[in-house]
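Before any comments, here is the structure.
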Amino acid sequence: MSVTVRVPAKVNVQLAVGAARPDGFHDLANVFLAVGLYDEVTVTPADELRITCEGPDAASVPLDRTNLAARAAIALAERRGIEPAVHLHIVKDIPVAGGMAGGSADGAGALVACDALWRTGASLAELLDICAELGSDVPFSLVGGAALGLGRGERLTPLDIGGGFHWVFAMAERGLSTPAVFREFDRLAEGREIPEPTASADLLDALAKGDPDALAATLSNDLQPAALSLYPELSDTLAAGRDAGALATLVSGSGPTTAFLTRDPESAAKVAEALRVSGTCRTVRVASGPAPGALVV
């Protein structure tokens, strides 16, 4: 017997970042939107915990117990007093180290798959609690849709969405480390007052109305200057998408994937083609959101 779970990527349509806390984390107002790029995690009973991976960038995925999928299986097994004796097979389609929560998606997918395989009967609250222990983005990968994340991003409030939004994502030639981007944020912020992070009322209203023009006017990412400081070439990618007619451009999360909001599927196809021939990125993907969270398939 095996269980397969499909889990989506995310884009941060707003990422407001507060000052560094004593524990080294930052308070966030993080507006997540799940989009239709998916990883699949399949769990099968085995003699011991083992991880395999296939798909784009699979060579960059750790196959040891540092992998979030492995950590999820271990965390659930420890709570139930059982051995995490499973083979975890990950089929990657979400960019690795791309700011789209690919690792977090794998953690949420493995957790849901192991819960189903072992029939642990864990409640949603318990699964979300484990997700929060694993990482700031993991709870959202579990629930999908759209949500406001506070604290480190793990305290979620679901958001209403009035329609679909069409995106183009450009994958960069190399990755960016999320901790490195936050360190650069702190360096760039030295000596200035950082306000408490709050969600934009205009942005939440744009999501609720399903209005791409209004959303385009309110997209923001406080980590974007830090990502561009560490990876200046991303500015060329953003400019190429803007010149091709994207309504708005931004770095997704901590980067280096860049995101381009478009009005409709036809506009998305045009922007995607322009980015493909621009020479400023490695690959280009088109996706829409919101997408559902982790689902057994």
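Residues are referred to by chain and number: the chain letter is A, B, ... according to the order shown in the structure tokens, the number counts from 1 in that chain, and ligands are numbered separately from 1 in the order shown.
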List the neighbours of stretch 285-287 of chain A out to 12 Å using only C-alpha atoms; skip same-chain residues closer than 6 positions along the sequence, and give me the result as number ranges by chain. A: 8-11, 33-38, 93-95, 164-172, 257-262, 264-273, 275-276
Run DSSP on the backbone and tell me which residues of stretch 40-176 of chain A come out as strand (DSSP E or B); list them as a ChimeraX atom specification. /A:40-45,50-54,86-91,144,146-150,155-158,165-171
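Put simply, atom CA of A:Val112 is 7.8 Å away from atom CA of A:Leu295.
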Min atom-atom distance to A:Leu124 from the set A:Leu142, A:Ile74, A:Ala97, A:Leu204, counting only C-alpha atoms, belongs to A:Leu142
Can you tell me which residues surround A:Ala146 at a distance of at most 9 Å, considering only C-alpha atoms, apart from same-chain residues fewer than 3 positions away, and format the answer as a ChimeraX atom specification? /A:31-34,140,143,157-161,207,289-291
Residues just named, written with N, CA and C atoms as a PDB file, in the first residue's frame:
```
ATOM      1  N   VAL A  31       0.931  37.438   3.266  1.00  0.00           N
ATOM      2  CA  VAL A  31      -0.294  37.062   2.568  1.00  0.00           C
ATOM      3  C   VAL A  31       0.073  36.044   1.491  1.00  0.00           C
ATOM      4  N   PHE A  32      -0.329  34.810   1.763  1.00  0.00           N
ATOM      5  CA  PHE A  32       0.004  33.677   0.893  1.00  0.00           C
ATOM      6  C   PHE A  32      -1.101  33.446  -0.135  1.00  0.00           C
ATOM      7  N   LEU A  33      -0.700  33.070  -1.342  1.00  0.00           N
ATOM      8  CA  LEU A  33      -1.634  32.575  -2.353  1.00  0.00           C
ATOM      9  C   LEU A  33      -1.037  31.294  -2.932  1.00  0.00           C
ATOM     10  N   ALA A  34      -1.772  30.184  -2.808  1.00  0.00           N
ATOM     11  CA  ALA A  34      -1.303  28.921  -3.388  1.00  0.00           C
ATOM     12  C   ALA A  34      -1.552  28.946  -4.894  1.00  0.00           C
ATOM     13  N   PHE A 140       0.896  26.785   5.788  1.00  0.00           N
ATOM     14  CA  PHE A 140       0.135  27.216   4.615  1.00  0.00           C
ATOM     15  C   PHE A 140       0.153  26.171   3.508  1.00  0.00           C
ATOM     16  N   VAL A 143      -2.778  23.929   4.068  1.00  0.00           N
ATOM     17  CA  VAL A 143      -4.158  24.386   3.886  1.00  0.00           C
ATOM     18  C   VAL A 143      -4.415  24.983   2.503  1.00  0.00           C
ATOM     19  N   THR A 157      -4.861  32.824   9.028  1.00  0.00           N
ATOM     20  CA  THR A 157      -6.271  33.181   8.912  1.00  0.00           C
ATOM     21  C   THR A 157      -6.649  33.037   7.439  1.00  0.00           C
ATOM     22  N   PRO A 158      -7.590  32.134   7.102  1.00  0.00           N
ATOM     23  CA  PRO A 158      -7.985  31.993   5.696  1.00  0.00           C
ATOM     24  C   PRO A 158      -8.562  33.299   5.156  1.00  0.00           C
ATOM     25  N   LEU A 159      -8.343  33.540   3.866  1.00  0.00           N
ATOM     26  CA  LEU A 159      -8.831  34.754   3.212  1.00  0.00           C
ATOM     27  C   LEU A 159      -9.794  34.403   2.091  1.00  0.00           C
ATOM     28  N   ASP A 160     -10.778  35.277   1.899  1.00  0.00           N
ATOM     29  CA  ASP A 160     -11.712  35.112   0.789  1.00  0.00           C
ATOM     30  C   ASP A 160     -11.050  35.563  -0.513  1.00  0.00           C
ATOM     31  N   ILE A 161     -11.315  34.821  -1.580  1.00  0.00           N
ATOM     32  CA  ILE A 161     -10.814  35.166  -2.907  1.00  0.00           C
ATOM     33  C   ILE A 161     -12.009  35.247  -3.845  1.00  0.00           C
ATOM     34  N   LEU A 207      -7.994  40.988  -3.294  1.00  0.00           N
ATOM     35  CA  LEU A 207      -8.144  39.531  -3.324  1.00  0.00           C
ATOM     36  C   LEU A 207      -9.613  39.137  -3.212  1.00  0.00           C
ATOM     37  N   GLY A 289      -3.890  30.884  -9.452  1.00  0.00           N
ATOM     38  CA  GLY A 289      -4.236  30.637  -8.069  1.00  0.00           C
ATOM     39  C   GLY A 289      -5.552  31.314  -7.738  1.00  0.00           C
ATOM     40  N   PRO A 290      -6.243  30.923  -6.681  1.00  0.00           N
ATOM     41  CA  PRO A 290      -5.756  30.022  -5.631  1.00  0.00           C
ATOM     42  C   PRO A 290      -5.832  28.557  -6.041  1.00  0.00           C
ATOM     43  N   ALA A 291      -4.990  27.739  -5.385  1.00  0.00           N
ATOM     44  CA  ALA A 291      -4.970  26.287  -5.570  1.00  0.00           C
ATOM     45  C   ALA A 291      -5.224  25.643  -4.213  1.00  0.00           C
TER      46      ALA A 291
END
```
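Atom CA of A:Val138 is positioned 5.9 Å from atom CA of A:Ala108.
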Could you give me, as a PyMOL selection string, the residues within 8 Å of A:Val17, counting only C-alpha atoms and dropping anything in the same chain fewer than 5 positions from it? chain A and resi 26-29+196-197+222-223
Those residues with N, CA and C atoms, as a PDB file, in the first residue's frame please?
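In the end it all went to out.pdb:
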```pdb
ATOM      1  N   HIS A  26      11.759  36.977  12.585  1.00  0.00           N
ATOM      2  CA  HIS A  26      11.118  38.260  12.350  1.00  0.00           C
ATOM      3  C   HIS A  26       9.603  38.063  12.374  1.00  0.00           C
ATOM      4  N   ASP A  27       8.895  39.004  12.997  1.00  0.00           N
ATOM      5  CA  ASP A  27       7.448  38.988  12.862  1.00  0.00           C
ATOM      6  C   ASP A  27       7.088  39.358  11.427  1.00  0.00           C
ATOM      7  N   LEU A  28       6.063  38.688  10.891  1.00  0.00           N
ATOM      8  CA  LEU A  28       5.666  38.874   9.498  1.00  0.00           C
ATOM      9  C   LEU A  28       4.166  39.142   9.405  1.00  0.00           C
ATOM     10  N   ALA A  29       3.790  39.856   8.366  1.00  0.00           N
ATOM     11  CA  ALA A  29       2.415  39.841   7.865  1.00  0.00           C
ATOM     12  C   ALA A  29       2.552  39.320   6.443  1.00  0.00           C
ATOM     13  N   GLU A 196       5.804  47.890  12.675  1.00  0.00           N
ATOM     14  CA  GLU A 196       5.168  46.591  12.884  1.00  0.00           C
ATOM     15  C   GLU A 196       4.530  46.125  11.570  1.00  0.00           C
ATOM     16  N   PRO A 197       4.741  44.866  11.199  1.00  0.00           N
ATOM     17  CA  PRO A 197       4.168  44.399   9.931  1.00  0.00           C
ATOM     18  C   PRO A 197       2.650  44.242  10.025  1.00  0.00           C
ATOM     19  N   ASP A 222       8.797  43.103   1.350  1.00  0.00           N
ATOM     20  CA  ASP A 222       9.876  43.809   2.060  1.00  0.00           C
ATOM     21  C   ASP A 222      11.231  43.127   1.911  1.00  0.00           C
ATOM     22  N   LEU A 223      11.244  41.853   1.497  1.00  0.00           N
ATOM     23  CA  LEU A 223      12.521  41.162   1.287  1.00  0.00           C
ATOM     24  C   LEU A 223      13.103  41.406  -0.106  1.00  0.00           C
TER      25      LEU A 223
END
```
Identify, on the basis of only C-alpha atoms, every residue whose closest approach to A:Asp236 does not exceed 12 Å; exclude the query and any residue fewer than 5 positions from it along the same chain; express the result as an MDAnalysis selection string. chainID A and resid 170 172 228 231 241:243 249:251 258 275 278:281
Write out, as a tab-separated table (two decimals), in the first residue's frame, the residues just selected, with N, CA, C and O atoms.
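File produced: part32.tsv:
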```tsv
chain	number	residue	atom	x	y	z
A	170	ALA	N	9.38	33.09	-13.22
A	170	ALA	CA	10.67	32.90	-13.88
A	170	ALA	C	11.67	32.36	-12.87
A	170	ALA	O	11.89	32.97	-11.82
A	172	ALA	N	15.35	31.41	-11.59
A	172	ALA	CA	16.69	31.98	-11.77
A	172	ALA	C	17.73	30.88	-11.99
A	172	ALA	O	17.47	29.69	-11.79
A	228	LEU	N	17.47	41.45	-4.18
A	228	LEU	CA	18.13	42.11	-5.31
A	228	LEU	C	19.56	42.51	-4.97
A	228	LEU	O	20.44	42.52	-5.84
A	231	TYR	N	21.44	39.35	-5.40
A	231	TYR	CA	21.31	38.75	-6.74
A	231	TYR	C	20.84	39.86	-7.69
A	231	TYR	O	19.69	39.87	-8.15
A	241	GLY	N	9.85	41.18	-17.76
A	241	GLY	CA	8.43	40.87	-17.59
A	241	GLY	C	7.57	42.12	-17.62
A	241	GLY	O	6.48	42.12	-18.19
A	242	ARG	N	8.09	43.19	-17.02
A	242	ARG	CA	7.35	44.46	-17.03
A	242	ARG	C	7.20	44.97	-18.46
A	242	ARG	O	6.11	45.39	-18.88
A	243	ASP	N	8.29	44.91	-19.22
A	243	ASP	CA	8.25	45.38	-20.61
A	243	ASP	C	7.31	44.55	-21.47
A	243	ASP	O	6.77	45.04	-22.47
A	249	THR	N	5.20	43.14	-11.02
A	249	THR	CA	6.31	42.20	-10.90
A	249	THR	C	6.81	42.23	-9.46
A	249	THR	O	6.75	43.26	-8.79
A	250	LEU	N	7.29	41.09	-8.99
A	250	LEU	CA	7.93	41.07	-7.68
A	250	LEU	C	8.76	39.81	-7.52
A	250	LEU	O	8.55	38.83	-8.25
A	251	VAL	N	9.69	39.86	-6.59
A	251	VAL	CA	10.40	38.67	-6.16
A	251	VAL	C	9.47	37.87	-5.26
A	251	VAL	O	8.80	38.44	-4.39
A	258	THR	N	11.09	35.01	-9.63
A	258	THR	CA	10.37	36.26	-9.82
A	258	THR	C	8.96	35.95	-10.33
A	258	THR	O	8.75	35.00	-11.08
A	275	LEU	N	9.72	36.30	-21.58
A	275	LEU	CA	10.74	35.94	-20.59
A	275	LEU	C	11.61	34.80	-21.09
A	275	LEU	O	12.83	34.79	-20.86
A	278	SER	N	14.23	36.16	-23.30
A	278	SER	CA	14.96	37.33	-22.78
A	278	SER	C	16.39	37.02	-22.38
A	278	SER	O	17.22	37.93	-22.26
A	279	GLY	N	16.67	35.74	-22.10
A	279	GLY	CA	18.01	35.38	-21.63
A	279	GLY	C	18.28	35.78	-20.19
A	279	GLY	O	19.43	35.74	-19.74
A	280	THR	N	17.24	36.15	-19.45
A	280	THR	CA	17.43	36.62	-18.07
A	280	THR	C	17.05	35.58	-17.03
A	280	THR	O	17.13	35.87	-15.83
A	281	CYS	N	16.61	34.39	-17.46
A	281	CYS	CA	16.18	33.38	-16.48
A	281	CYS	C	16.41	31.99	-17.06
A	281	CYS	O	16.71	31.83	-18.25
```
Which residues are near stretch 126-130 of chain A? Cut-off 10 Å, only C-alpha atoms, ignore same chain within fewer than 4 positions. Put them as a ChimeraX atom specification. /A:71-72,75-76,79,107-108,111-112,115,121-122,134-135,138-143,154-156
Based on the selection just made, write C-alpha atoms of those residues as a CSV table (one decimal), in the first residue's frame.
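Contents of result.csv, as written:
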```csv
chain,number,residue,atom,x,y,z
A,71,ARG,CA,11.4,15.6,9.4
A,72,ALA,CA,7.6,15.6,9.0
A,75,ALA,CA,7.7,14.3,14.0
A,76,LEU,CA,4.4,12.4,13.4
A,79,ARG,CA,4.0,11.7,18.6
A,107,GLY,CA,7.0,18.6,4.5
A,108,ALA,CA,3.2,19.2,4.5
A,111,LEU,CA,2.8,14.7,6.9
A,112,VAL,CA,-0.6,14.2,5.3
A,115,ASP,CA,-1.1,10.4,8.6
A,121,GLY,CA,-6.4,10.1,13.0
A,122,ALA,CA,-4.5,13.3,13.7
A,134,LEU,CA,8.8,22.3,10.9
A,135,GLY,CA,8.9,25.8,9.5
A,138,VAL,CA,4.7,24.6,6.2
A,139,PRO,CA,1.2,25.3,7.7
A,140,PHE,CA,0.1,27.2,4.6
A,141,SER,CA,1.3,24.4,2.3
A,142,LEU,CA,-1.1,22.2,4.2
A,143,VAL,CA,-4.2,24.4,3.9
A,154,GLU,CA,2.6,30.1,10.9
A,155,ARG,CA,-0.5,31.6,12.5
A,156,LEU,CA,-3.0,31.5,9.6
```
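Take atom CA of A:Gln14 and atom CA of A:Ala199: the distance between them is 7.4 Å.
Take the candidates A:Gly163, A:Ala70, A:Gln224, A:Pro292 and check each one against A:Phe182 using only C-alpha atoms; the shortest distance goes to A:Gln224.
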